[in-house]
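For reference, data-v2.txt is printed below; it contains compact mmCIF, C-alpha atoms.
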```
# COMPACT_ATOMS: atom_id res chain seq x y z
CA MET V 1 -13.66 -1.04 -4.59
CA ILE V 2 -12.83 -2.26 -1.09
CA ASN V 3 -9.51 -3.93 -0.36
CA LYS V 4 -10.68 -7.10 1.36
CA GLY V 5 -7.49 -8.21 3.03
CA ILE V 6 -4.00 -9.65 2.69
CA VAL V 7 -2.88 -12.94 1.19
CA ALA V 8 0.63 -14.21 1.99
CA ILE V 9 2.36 -16.71 -0.30
CA VAL V 10 4.77 -18.96 1.61
CA GLY V 11 6.83 -22.02 0.77
CA SER V 12 10.33 -23.38 0.23
CA PRO V 13 12.80 -21.81 -2.22
CA ASN V 14 12.28 -22.35 -5.94
CA VAL V 15 8.78 -23.84 -5.73
CA GLY V 16 7.31 -21.11 -7.95
CA LYS V 17 5.92 -18.64 -5.42
CA SER V 18 6.99 -15.60 -7.44
CA THR V 19 5.53 -17.06 -10.65
CA ILE V 20 2.17 -17.54 -8.96
CA PHE V 21 2.46 -14.05 -7.43
CA ASN V 22 2.95 -12.57 -10.90
CA ARG V 23 -0.08 -14.46 -12.20
CA MET V 24 -2.24 -13.20 -9.36
CA VAL V 25 -1.32 -9.51 -9.65
CA GLY V 26 -1.36 -9.63 -13.46
CA GLU V 27 2.15 -8.34 -14.10
CA ARG V 28 5.75 -9.46 -13.99
CA HIS V 29 6.43 -7.80 -10.65
CA ALA V 30 8.52 -10.41 -8.87
CA ILE V 31 11.83 -11.65 -10.28
CA VAL V 32 11.53 -15.23 -11.51
CA ASP V 33 14.60 -17.41 -11.91
CA ASP V 34 15.50 -21.10 -11.66
CA GLU V 35 18.07 -20.28 -8.99
CA ALA V 36 16.76 -20.90 -5.48
CA GLY V 37 16.41 -17.95 -3.13
CA ILE V 38 16.03 -15.16 -5.70
CA THR V 39 13.24 -13.49 -3.69
CA ARG V 40 15.13 -12.31 -0.63
CA ASP V 41 12.99 -9.31 0.18
CA ARG V 42 9.25 -8.94 0.47
CA LEU V 43 7.27 -7.99 -2.61
CA TYR V 44 3.66 -6.92 -2.58
CA GLY V 45 1.03 -6.19 -5.15
CA THR V 46 -2.71 -5.87 -5.58
CA ALA V 47 -4.83 -8.59 -7.14
CA GLU V 48 -8.40 -8.28 -8.37
CA TRP V 49 -10.72 -11.19 -9.02
CA LEU V 50 -14.48 -11.17 -9.67
CA GLY V 51 -14.83 -7.68 -8.25
CA ASN V 52 -12.75 -8.44 -5.17
CA LYS V 53 -9.48 -6.60 -4.57
CA PHE V 54 -6.85 -7.82 -2.11
CA SER V 55 -3.16 -7.39 -1.33
CA VAL V 56 -0.73 -10.18 -2.15
CA ILE V 57 2.60 -10.67 -0.39
CA ASP V 58 5.38 -12.66 -2.06
CA THR V 59 7.89 -13.91 0.49
CA GLY V 60 11.37 -15.38 0.44
CA GLY V 61 11.84 -19.15 0.53
CA ILE V 62 11.70 -20.91 3.89
CA GLU V 63 14.08 -23.80 4.33
CA ILE V 64 15.96 -25.84 6.89
CA LYS V 65 19.63 -26.43 6.21
CA ASN V 66 20.41 -27.41 9.77
CA THR V 67 18.95 -27.01 13.24
CA THR V 68 20.29 -23.46 13.47
CA PHE V 69 17.56 -22.22 11.15
CA GLN V 70 14.65 -23.87 12.94
CA ALA V 71 13.91 -20.79 15.07
CA GLU V 72 14.09 -18.49 12.03
CA ILE V 73 11.65 -20.65 10.08
CA ARG V 74 9.23 -20.68 13.00
CA ALA V 75 9.43 -16.86 13.30
CA GLN V 76 8.89 -16.27 9.58
CA ALA V 77 6.00 -18.69 9.21
CA GLU V 78 4.21 -17.66 12.40
CA ILE V 79 4.45 -13.93 11.66
CA ALA V 80 3.21 -14.49 8.09
CA ILE V 81 0.18 -16.53 9.08
CA ASN V 82 -0.69 -14.26 12.01
CA GLU V 83 -0.76 -11.10 9.90
CA ALA V 84 -2.31 -12.46 6.69
CA ASP V 85 -6.01 -13.19 6.27
CA VAL V 86 -5.32 -16.15 3.97
CA VAL V 87 -2.07 -18.09 3.53
CA VAL V 88 -1.27 -19.81 0.23
CA PHE V 89 1.29 -22.56 0.87
CA VAL V 90 3.07 -23.40 -2.40
CA ALA V 91 4.83 -26.77 -2.86
CA ASP V 92 6.68 -28.29 -5.81
CA GLY V 93 4.66 -31.13 -7.32
CA LYS V 94 7.66 -32.49 -9.20
CA LEU V 95 9.79 -32.79 -6.06
CA GLY V 96 7.05 -34.19 -3.89
CA VAL V 97 6.78 -33.60 -0.15
CA THR V 98 10.08 -32.35 1.32
CA ASN V 99 11.32 -31.90 4.88
CA ASP V 100 10.98 -28.15 4.43
CA ASP V 101 7.33 -28.62 3.48
CA ARG V 102 6.71 -30.73 6.57
CA ALA V 103 8.37 -28.18 8.86
CA VAL V 104 6.25 -25.30 7.60
CA ALA V 105 3.10 -27.45 7.51
CA ARG V 106 3.47 -28.27 11.21
CA ILE V 107 3.35 -24.55 12.02
CA LEU V 108 0.46 -23.91 9.63
CA ASN V 109 -1.53 -26.77 11.10
CA ARG V 110 -1.41 -25.13 14.52
CA SER V 111 -2.71 -21.83 13.20
CA LYS V 112 -6.32 -20.73 13.01
CA LYS V 113 -5.87 -19.04 9.65
CA LYS V 114 -7.19 -20.42 6.40
CA VAL V 115 -4.37 -22.20 4.57
CA ILE V 116 -4.69 -23.10 0.89
CA LEU V 117 -2.25 -25.75 -0.31
CA ALA V 118 -1.21 -25.13 -3.93
CA VAL V 119 0.85 -27.89 -5.55
CA ASN V 120 2.72 -26.13 -8.34
CA LYS V 121 4.49 -27.31 -11.52
CA ILE V 122 1.78 -29.84 -12.40
CA ASP V 123 1.65 -29.07 -16.10
CA GLY V 124 -0.12 -32.12 -17.45
CA GLY V 125 -2.94 -34.49 -16.56
CA ALA V 126 -0.52 -37.35 -16.14
CA ASN V 127 1.11 -35.59 -13.17
CA ILE V 128 -2.07 -34.80 -11.25
CA ALA V 129 -1.82 -38.04 -9.34
CA ASP V 130 1.56 -36.88 -8.00
CA ALA V 131 -0.24 -34.23 -5.93
CA GLN V 132 -2.06 -36.85 -3.84
CA GLU V 133 0.91 -37.40 -1.53
CA PHE V 134 0.51 -33.81 -0.27
CA TYR V 135 -2.55 -34.91 1.71
CA SER V 136 0.02 -36.17 4.20
CA LEU V 137 0.74 -32.56 5.22
CA GLY V 138 -2.66 -32.35 6.87
CA LEU V 139 -3.60 -29.10 5.10
CA GLY V 140 -6.64 -30.44 3.29
CA HIS V 141 -7.22 -30.88 -0.40
CA PRO V 142 -4.17 -29.93 -2.50
CA MET V 143 -5.03 -27.63 -5.40
CA VAL V 144 -3.14 -28.51 -8.58
CA VAL V 145 -1.71 -25.47 -10.37
CA SER V 146 0.92 -24.43 -12.87
CA GLY V 147 2.15 -20.90 -12.33
CA ALA V 148 4.23 -21.04 -15.52
CA HIS V 149 1.25 -21.93 -17.73
CA GLY V 150 -1.59 -20.39 -15.73
CA ILE V 151 -3.29 -23.73 -15.13
CA GLY V 152 -5.54 -23.76 -12.06
CA ILE V 153 -4.86 -20.11 -11.13
CA GLY V 154 -8.52 -19.18 -11.58
CA ASP V 155 -9.60 -21.96 -9.22
CA LEU V 156 -6.97 -20.81 -6.73
CA MET V 157 -8.28 -17.24 -6.88
CA ASN V 158 -11.85 -18.49 -6.36
CA GLU V 159 -10.73 -20.34 -3.25
CA ILE V 160 -8.88 -17.28 -1.93
CA ILE V 161 -11.79 -14.84 -2.24
CA ALA V 162 -14.15 -17.40 -0.71
CA HIS V 163 -12.17 -17.14 2.54
CA LEU V 164 -11.29 -13.43 2.61
CA PRO V 165 -13.10 -11.42 5.29
CA ASP V 166 -16.28 -9.58 4.34
CA ARG V 167 -15.42 -5.95 5.02
CA GLU V 168 -18.06 -3.29 4.78
CA GLU V 169 -16.80 0.11 3.77
CA VAL V 170 -17.34 2.35 6.76
CA LYS V 171 -16.26 5.97 6.41
CA GLU V 172 -16.11 7.73 9.73
CA GLU V 173 -15.82 11.28 8.53
CA GLU V 174 -15.88 12.65 12.09
CA LYS V 175 -12.95 10.55 13.27
CA ILE V 176 -9.50 11.08 11.75
CA VAL V 177 -7.59 7.81 11.45
CA PHE V 178 -3.93 8.24 10.51
CA SER V 179 -0.86 6.03 10.47
CA VAL V 180 2.73 7.07 11.11
CA ILE V 181 5.17 5.41 8.73
CA GLY V 182 8.80 5.74 7.75
CA ARG V 183 12.09 3.95 7.69
CA PRO V 184 13.58 2.81 11.00
CA ASN V 185 14.87 5.30 13.56
CA VAL V 186 13.35 8.50 12.15
CA GLY V 187 11.35 9.13 15.33
CA LYS V 188 7.95 7.61 14.57
CA SER V 189 7.40 6.28 18.09
CA SER V 190 8.68 9.53 19.60
CA LEU V 191 6.13 11.41 17.51
CA VAL V 192 3.31 9.14 18.69
CA ASN V 193 4.43 9.63 22.29
CA ALA V 194 4.50 13.40 21.83
CA ILE V 195 1.01 13.34 20.31
CA LEU V 196 -0.40 11.27 23.17
CA ASN V 197 1.73 13.02 25.79
CA GLN V 198 2.46 9.68 27.39
CA GLU V 199 4.78 6.72 26.96
CA ARG V 200 2.25 4.63 25.02
CA VAL V 201 4.90 2.90 22.88
CA ILE V 202 8.55 1.98 23.37
CA VAL V 203 11.06 4.59 22.24
CA SER V 204 14.61 3.50 21.51
CA ASN V 205 17.57 4.51 19.38
CA VAL V 206 17.86 0.95 18.11
CA SER V 207 16.43 0.66 14.60
CA GLY V 208 13.32 -1.47 14.33
CA THR V 209 12.23 -1.38 17.99
CA THR V 210 8.56 -1.16 17.05
CA ARG V 211 7.79 -4.59 15.64
CA ASP V 212 3.99 -4.39 15.73
CA SER V 213 1.34 -1.84 14.81
CA ILE V 214 -0.30 -0.10 17.76
CA ASP V 215 -3.68 1.65 17.46
CA THR V 216 -4.49 4.36 19.98
CA SER V 217 -7.68 6.42 20.17
CA PHE V 218 -7.46 9.92 21.62
CA LYS V 219 -9.32 13.20 21.65
CA ARG V 220 -7.95 16.66 20.99
CA GLY V 221 -10.41 19.47 21.48
CA ASP V 222 -13.69 18.33 19.94
CA ARG V 223 -12.04 15.99 17.42
CA ASP V 224 -11.60 12.22 17.81
CA TYR V 225 -8.45 10.63 16.40
CA VAL V 226 -6.93 7.19 15.99
CA VAL V 227 -3.15 7.07 15.52
CA ILE V 228 -1.47 3.90 14.25
CA ASP V 229 2.24 3.52 14.97
CA THR V 230 3.91 1.10 12.56
CA ALA V 231 7.05 -0.95 12.46
CA GLY V 232 9.97 0.67 10.64
CA LEU V 233 10.31 -0.35 7.01
CA LYS V 234 13.69 -1.07 5.49
CA LYS V 235 14.83 -0.50 1.96
CA ARG V 236 14.10 -3.26 -0.51
CA GLY V 237 17.11 -5.51 -0.64
CA LYS V 238 17.70 -5.00 3.09
CA ILE V 239 14.42 -6.57 4.23
CA TYR V 240 15.98 -9.94 4.86
CA GLU V 241 15.81 -10.63 8.57
CA SER V 242 12.93 -12.83 9.67
CA ILE V 243 11.20 -10.13 11.71
CA ASP V 244 11.96 -7.16 9.43
CA LYS V 245 10.62 -9.01 6.42
CA TYR V 246 7.18 -9.44 7.89
CA SER V 247 7.02 -6.12 9.74
CA ALA V 248 6.27 -4.78 6.26
CA ILE V 249 3.05 -6.80 6.23
CA ARG V 250 2.01 -5.17 9.49
CA ALA V 251 2.79 -1.72 8.11
CA LEU V 252 0.77 -2.47 4.99
CA LYS V 253 -2.23 -3.46 7.11
CA ALA V 254 -1.82 -0.28 9.18
CA ILE V 255 -1.77 1.87 6.05
CA GLU V 256 -4.81 0.04 4.73
CA ARG V 257 -6.76 0.81 7.92
CA SER V 258 -5.87 4.51 7.92
CA GLU V 259 -7.26 7.45 5.97
CA ILE V 260 -4.17 9.64 6.18
CA VAL V 261 -0.55 8.48 6.12
CA VAL V 262 2.08 10.63 7.83
CA LEU V 263 5.49 9.95 6.29
CA VAL V 264 8.17 10.81 8.84
CA ILE V 265 11.57 11.94 7.53
CA ASP V 266 14.69 12.55 9.60
CA GLY V 267 15.42 16.26 9.15
CA GLY V 268 19.07 15.75 10.06
CA GLU V 269 19.70 13.02 7.49
CA GLY V 270 17.52 14.35 4.70
CA ILE V 271 15.67 12.29 2.11
CA THR V 272 16.91 8.82 1.25
CA ASP V 273 15.85 6.21 -1.27
CA GLN V 274 14.34 4.27 1.62
CA ASP V 275 11.85 7.10 2.20
CA LYS V 276 10.67 6.81 -1.40
CA HIS V 277 10.16 3.07 -1.06
CA VAL V 278 8.21 3.54 2.14
CA ILE V 279 5.74 6.10 0.75
CA GLN V 280 5.00 3.91 -2.26
CA TYR V 281 2.94 1.66 0.03
CA ALA V 282 0.56 4.54 0.76
CA CYS V 283 0.43 5.73 -2.85
CA ASP V 284 -0.57 2.29 -4.10
CA LEU V 285 -3.48 2.24 -1.67
CA HIS V 286 -4.61 5.80 -2.62
CA LYS V 287 -4.27 7.24 0.87
CA ALA V 288 -4.04 10.91 1.77
CA ILE V 289 -0.45 11.86 2.62
CA ILE V 290 1.38 14.33 4.85
CA ILE V 291 5.18 14.63 4.75
CA CYS V 292 6.54 15.29 8.24
CA VAL V 293 10.15 16.40 8.69
CA ASN V 294 11.08 15.37 12.23
CA LYS V 295 14.10 16.31 14.39
CA TRP V 296 13.89 19.87 13.09
CA ASP V 297 15.53 21.07 16.32
CA LEU V 298 18.79 19.42 15.19
CA VAL V 299 18.94 21.27 11.87
CA ASN V 300 21.09 24.39 11.52
CA LYS V 301 18.67 27.02 10.27
CA SER V 302 18.81 30.29 8.39
CA THR V 303 16.09 32.55 7.01
CA ASN V 304 15.16 30.27 4.09
CA THR V 305 16.00 26.86 5.55
CA MET V 306 12.40 25.67 5.67
CA SER V 307 11.51 26.83 2.16
CA ASP V 308 14.77 25.41 0.77
CA TYR V 309 14.10 22.07 2.45
CA THR V 310 10.56 22.05 1.07
CA LYS V 311 11.91 22.65 -2.44
CA ILE V 312 14.26 19.69 -2.07
CA ILE V 313 11.35 17.48 -1.02
CA ARG V 314 9.27 18.69 -3.96
CA ASP V 315 12.10 17.89 -6.34
CA GLU V 316 12.54 14.41 -4.87
CA TYR V 317 8.82 13.64 -4.59
CA LYS V 318 7.45 15.06 -7.84
CA PHE V 319 4.58 12.57 -7.67
CA LEU V 320 3.60 13.97 -4.24
CA ASP V 321 3.47 17.67 -5.00
CA TYR V 322 -0.03 17.78 -3.49
CA ALA V 323 1.15 16.54 -0.05
CA PRO V 324 1.71 19.26 2.58
CA VAL V 325 5.17 19.41 4.18
CA ILE V 326 5.41 20.18 7.90
CA PHE V 327 8.40 20.60 10.22
CA LEU V 328 8.48 19.62 13.90
CA SER V 329 10.49 18.12 16.73
CA ALA V 330 8.80 15.17 18.41
CA LEU V 331 11.44 15.00 21.14
CA LYS V 332 11.09 18.67 22.06
CA LYS V 333 7.32 18.67 21.35
CA GLN V 334 7.81 21.69 19.12
CA ARG V 335 5.42 22.67 16.28
CA LEU V 336 3.04 19.75 16.94
CA ASP V 337 0.17 22.10 16.10
CA THR V 338 1.32 22.10 12.47
CA LEU V 339 0.63 18.36 12.31
CA PHE V 340 -2.92 18.69 13.61
CA ASP V 341 -3.61 21.66 11.31
CA ALA V 342 -2.46 19.55 8.36
CA LEU V 343 -4.53 16.54 9.51
CA GLU V 344 -7.67 18.69 9.63
CA LYS V 345 -7.11 20.19 6.16
CA VAL V 346 -6.15 16.91 4.51
CA HIS V 347 -9.04 15.03 6.13
CA GLU V 348 -11.47 17.64 4.81
CA ALA V 349 -9.93 17.36 1.34
CA TYR V 350 -10.10 13.56 1.46
CA TYR V 351 -13.88 13.80 1.89
CA THR V 352 -14.45 16.78 -0.40
CA ARG V 353 -17.48 16.49 -2.69
CA ILE V 354 -17.87 18.89 -5.62
CA GLN V 355 -21.19 20.06 -6.97
CA THR V 356 -21.65 18.63 -10.46
CA SER V 357 -22.48 21.96 -12.13
CA ILE V 358 -19.40 23.64 -10.70
CA LEU V 359 -17.20 20.69 -11.62
CA ASN V 360 -18.32 20.87 -15.25
CA GLU V 361 -17.69 24.62 -15.43
CA VAL V 362 -14.09 23.95 -14.41
CA LEU V 363 -13.75 21.10 -16.94
CA GLN V 364 -15.17 23.26 -19.72
CA ASP V 365 -12.85 26.15 -18.93
CA ALA V 366 -9.88 23.75 -18.76
CA GLN V 367 -10.60 22.48 -22.29
CA ILE V 368 -11.02 26.00 -23.66
CA MET V 369 -7.69 27.09 -22.18
CA ASN V 370 -5.79 23.97 -23.21
CA GLN V 371 -7.14 21.56 -25.80
CA ALA V 372 -6.16 17.91 -25.46
CA PRO V 373 -3.33 16.73 -27.76
CA ASP V 374 -3.73 14.18 -30.54
CA PHE V 375 -3.05 10.78 -29.01
CA ASN V 376 -3.70 7.19 -30.10
CA GLY V 377 -5.31 8.34 -33.34
CA GLY V 378 -7.64 10.99 -31.99
CA ARG V 379 -8.23 14.00 -29.78
CA LEU V 380 -9.92 13.66 -26.40
CA LYS V 381 -13.15 15.55 -25.77
CA ILE V 382 -14.65 15.67 -22.29
CA PHE V 383 -18.45 15.96 -22.49
CA PHE V 384 -19.03 16.21 -18.76
CA GLY V 385 -17.78 14.90 -15.43
CA SER V 386 -19.28 13.67 -12.18
CA GLN V 387 -17.84 12.92 -8.76
CA VAL V 388 -18.93 9.43 -7.76
CA ASP V 389 -17.09 8.92 -4.48
CA THR V 390 -14.92 10.42 -1.76
CA ALA V 391 -12.03 9.16 0.38
CA PRO V 392 -10.31 9.69 -1.98
CA PRO V 393 -12.34 11.87 -4.35
CA CYS V 394 -13.21 9.88 -7.48
CA ILE V 395 -14.21 11.80 -10.60
CA VAL V 396 -15.50 10.11 -13.75
CA LEU V 397 -15.02 11.95 -17.04
CA PHE V 398 -17.39 10.97 -19.85
CA VAL V 399 -15.41 11.31 -23.07
CA ASN V 400 -15.50 10.45 -26.75
CA ASN V 401 -12.81 7.77 -26.35
CA PRO V 402 -10.85 6.92 -23.16
CA ASP V 403 -7.91 5.77 -25.30
CA PHE V 404 -7.36 9.38 -26.40
CA MET V 405 -6.48 10.47 -22.84
CA HIS V 406 -2.74 11.21 -22.68
CA PHE V 407 -1.18 11.00 -19.20
CA SER V 408 -0.02 14.62 -19.47
CA TYR V 409 -3.57 15.85 -20.11
CA LYS V 410 -4.86 13.81 -17.19
CA ARG V 411 -2.22 15.51 -15.10
CA TYR V 412 -3.36 18.87 -16.46
CA ILE V 413 -6.97 18.18 -15.42
CA ASP V 414 -5.74 17.09 -12.00
CA ASN V 415 -3.85 20.36 -11.59
CA ARG V 416 -6.83 22.48 -12.66
CA LEU V 417 -9.05 20.72 -10.12
CA ARG V 418 -6.47 21.35 -7.39
CA GLU V 419 -6.22 25.02 -8.33
CA THR V 420 -9.97 25.40 -7.92
CA PHE V 421 -10.89 23.11 -5.04
CA ASN V 422 -9.37 21.99 -1.74
CA PHE V 423 -7.59 18.74 -2.56
CA GLU V 424 -4.49 19.33 -0.45
CA GLY V 425 -2.90 16.08 0.64
CA THR V 426 -5.31 13.75 -1.13
CA PRO V 427 -4.97 11.89 -4.43
CA ILE V 428 -7.70 12.40 -7.02
CA ASN V 429 -8.91 9.25 -8.74
CA ILE V 430 -9.72 10.39 -12.29
CA GLN V 431 -11.43 7.79 -14.47
CA THR V 432 -12.63 8.02 -18.07
CA ARG V 433 -15.67 6.41 -19.65
CA MET V 434 -16.99 6.55 -23.18
CA LYS V 435 -20.17 8.53 -23.68
CA LYS V 436 -22.53 6.85 -26.12
CA GLY V 437 -25.81 7.37 -27.95
CA LYS V 438 -28.18 10.14 -26.93
CA GLU V 439 -26.08 10.94 -23.89
CA ARG V 440 -23.19 11.85 -26.14
```
This structure in structure tokens:
Amino acid sequence: MINKGIVAIVGSPNVGKSTIFNRMVGERHAIVDDEAGITRDRLYGTAEWLGNKFSVIDTGGIEIKNTTFQAEIRAQAEIAINEADVVVFVADGKLGVTNDDRAVARILNRSKKKVILAVNKIDGGANIADAQEFYSLGLGHPMVVSGAHGIGIGDLMNEIIAHLPDREEVKEEEKIVFSVIGRPNVGKSSLVNAILNQERVIVSNVSGTTRDSIDTSFKRGDRDYVVIDTAGLKKRGKIYESIDKYSAIRALKAIERSEIVVLVIDGGEGITDQDKHVIQYACDLHKAIIICVNKWDLVNKSTNTMSDYTKIIRDEYKFLDYAPVIFLSALKKQRLDTLFDALEKVHEAYYTRIQTSILNEVLQDAQIMNQAPDFNGGRLKIFFGSQVDTAPPCIVLFVNNPDFMHFSYKRYIDNRLRETFNFEGTPINIQTRMKKGKER
């Protein structure tokens, strides 16, 4: 399923943005509280409606307490609407139109993006008339919703997907498109400069210098590449400045456009919690991943330094044991070949397609060697499997009952596939379907 774009939810504090966000993504992801300003950092999730999948961004409340905050509001609103494909502007139907609403609406009115006005907290028919005053914002017809009770959310989702861009899935297997991500000041821009051998992007020791995503096409040997340099991402809870908050949206779009994500880690500082938060973006979008330890020239080395460092990474990133780990120095332009070797291998794995007969031999042998455990009232039996897609590889297992699949056995099948085939650096999307009738 194609991710069709990004939807940003904006509005004043305590109007119910996070409640609507939770309804859209189908889980209690954002913290919901009656206290204004609970959502200080940026939250994102994936929504699916009528076969359409899109990313949803929940943002902190925008308000004006005095003239000092006017510039900040303008920066937040303009960055949000510029980077999102659709903006959902949430207002409080019980409060009516506020000065904060008017301030944000003036900015939205000047934009060319589709803005959907959702008047929240209208829980009964008697209050629908209260939404009429929101026509004064000049944002078109106000949609009446109740995030708390789910009223009108379906209509809101219909309106959103009607205005998302139509994106055809184009897989350019001959061109490697990769993004460079990581927390601020780990050397992402320096790495891009070293790759391009020119000062294509600004390099600075000040965290967060790269505020936008920059796409650059280049050729190395006979291979065409596109590298996407992204803004540095800060740890959740520290994404509170107007620019930093929405640089995450830009990074998310960059990751979405890429096939392979190169996570850059500062070799001198080691792994931090911020690194784990950053890579989660790529994991959620099922991208191929390479872990790149930069500034390796600054590390005091011994015989086993590289292997010891790799073991630490494996221990910290147990969910990324399939991602190759490379070591280089962008500043010194040392070991850059290891990056391109990894890109070639991972790209090939990302587009690997397995012959059905060979795949089923591996699945049969896996079941003979290790039978599935009893789970949910039964034991899983895999009748046969078929690969239905690549980028990433998607394998459908036809089974007696999908509910019998324990996560540990799914992990076991994943490992057996990796032992047999080249899946280095790429996730494997394993799905289960019930086999019925004569087919069974």
Within 8 Å of Ile326 in chain V, counting only C-alpha atoms, which residues qualify if same-chain residues fewer than 6 places away don't, as a ChimeraX atom specification?
/V:290-293,338-339,342
| message | Could you list, as an NGL selection string, every residue within 10 Å of Phe384 in chain V, counting all atoms listed in the file and ignoring same-chain residues fewer than 2 positions away? | response | :V and (356-357 or 359-361 or 363-364 or 381-382 or 386 or 396-399 or 435 or 440)
For this session: Compile the contact shell of range 89-94 of chain V as a VMD selection string: residues with an atom at most 8 Å away, counting all atoms listed in the file, same-chain residues fewer than 2 positions apart removed.
Result: chain V and resid 9 to 12 15 to 17 87 96 to 97 101 115 to 122 130 to 131
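Using all atoms listed in the file, the shortest contact distance between Asp403 in chain V and any of V:Pro427, V:Gly377, V:Gly385, V:Gly150 is found at V:Gly377.
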Of V:Arg353, V:Lys114, V:Lys345, V:Arg23, the one nearest to Val145 in chain V when counting only C-alpha atoms is V:Arg23
- Closest to Asp341 in chain V among V:Ala129, V:Asp166, V:Gly138, V:Val325, using only C-alpha atoms?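 Closest to Asp341 in chain V of all the choices is V:Val325.
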Here CA of Gly5 in chain V and CA of Asp85 in chain V stand apart by 6.1 Å
**Asked** Which one is closest to Arg110 in chain V: V:Val7, V:Leu285, V:Ala391, V:Leu139? Count all atoms listed in the file.
**Response**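 Checking each candidate against Arg110 in chain V, we get V:Leu139 as the closest.
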Exercise for the section: Can you work out the spacing between CA of Thr216 in chain V and CA of Ile228 in chain V in Å, to one decimal? Expected result: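 CA of Ile228 in chain V lies at a distance of 6.5 Å from CA of Thr216 in chain V.
Using all atoms listed in the file, the shortest contact distance between Ala372 in chain V and any of V:Arg220, V:Arg335, V:Lys276, V:Lys410 is found at V:Lys410.
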**Message:** Report as a list in words all protein, DNA and RNA residues lying within 9 Å of range 48-50 of chain V, evaluated on only C-alpha atoms, omitting residues in the same chain fewer than 5 positions from it.
**Reply:**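 Those residues are Met24, Val25, Gly26, Ser55, Gly154, Met157, Asn158 and Ile161 of chain V.
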CA of Ile57 in chain V and CA of His149 in chain V are how many Å apart?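 A separation of 20.7 Å between them.
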Exercise. Which residues come within 10 Å of Leu417 in chain V, counting only C-alpha atoms, excluding same-chain residues fewer than 4 positions away, as a PyMOL selection string?
Worked result: chain V and resi 359+362-363+366+411-413+421-423+428
Go ahead and dump the residues you just picked, C-alpha atoms, as an mmCIF file, in the frame of the given file.
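File written: selection.cif
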```cif
data_model
loop_
_atom_site.group_PDB
_atom_site.id
_atom_site.type_symbol
_atom_site.label_atom_id
_atom_site.label_comp_id
_atom_site.auth_asym_id
_atom_site.auth_seq_id
_atom_site.Cartn_x
_atom_site.Cartn_y
_atom_site.Cartn_z
ATOM 1 C CA LEU V 359 -17.200 20.690 -11.620
ATOM 2 C CA VAL V 362 -14.090 23.950 -14.410
ATOM 3 C CA LEU V 363 -13.750 21.100 -16.940
ATOM 4 C CA ALA V 366 -9.880 23.750 -18.760
ATOM 5 C CA ARG V 411 -2.220 15.510 -15.100
ATOM 6 C CA TYR V 412 -3.360 18.870 -16.460
ATOM 7 C CA ILE V 413 -6.970 18.180 -15.420
ATOM 8 C CA PHE V 421 -10.890 23.110 -5.040
ATOM 9 C CA ASN V 422 -9.370 21.990 -1.740
ATOM 10 C CA PHE V 423 -7.590 18.740 -2.560
ATOM 11 C CA ILE V 428 -7.700 12.400 -7.020
#
```
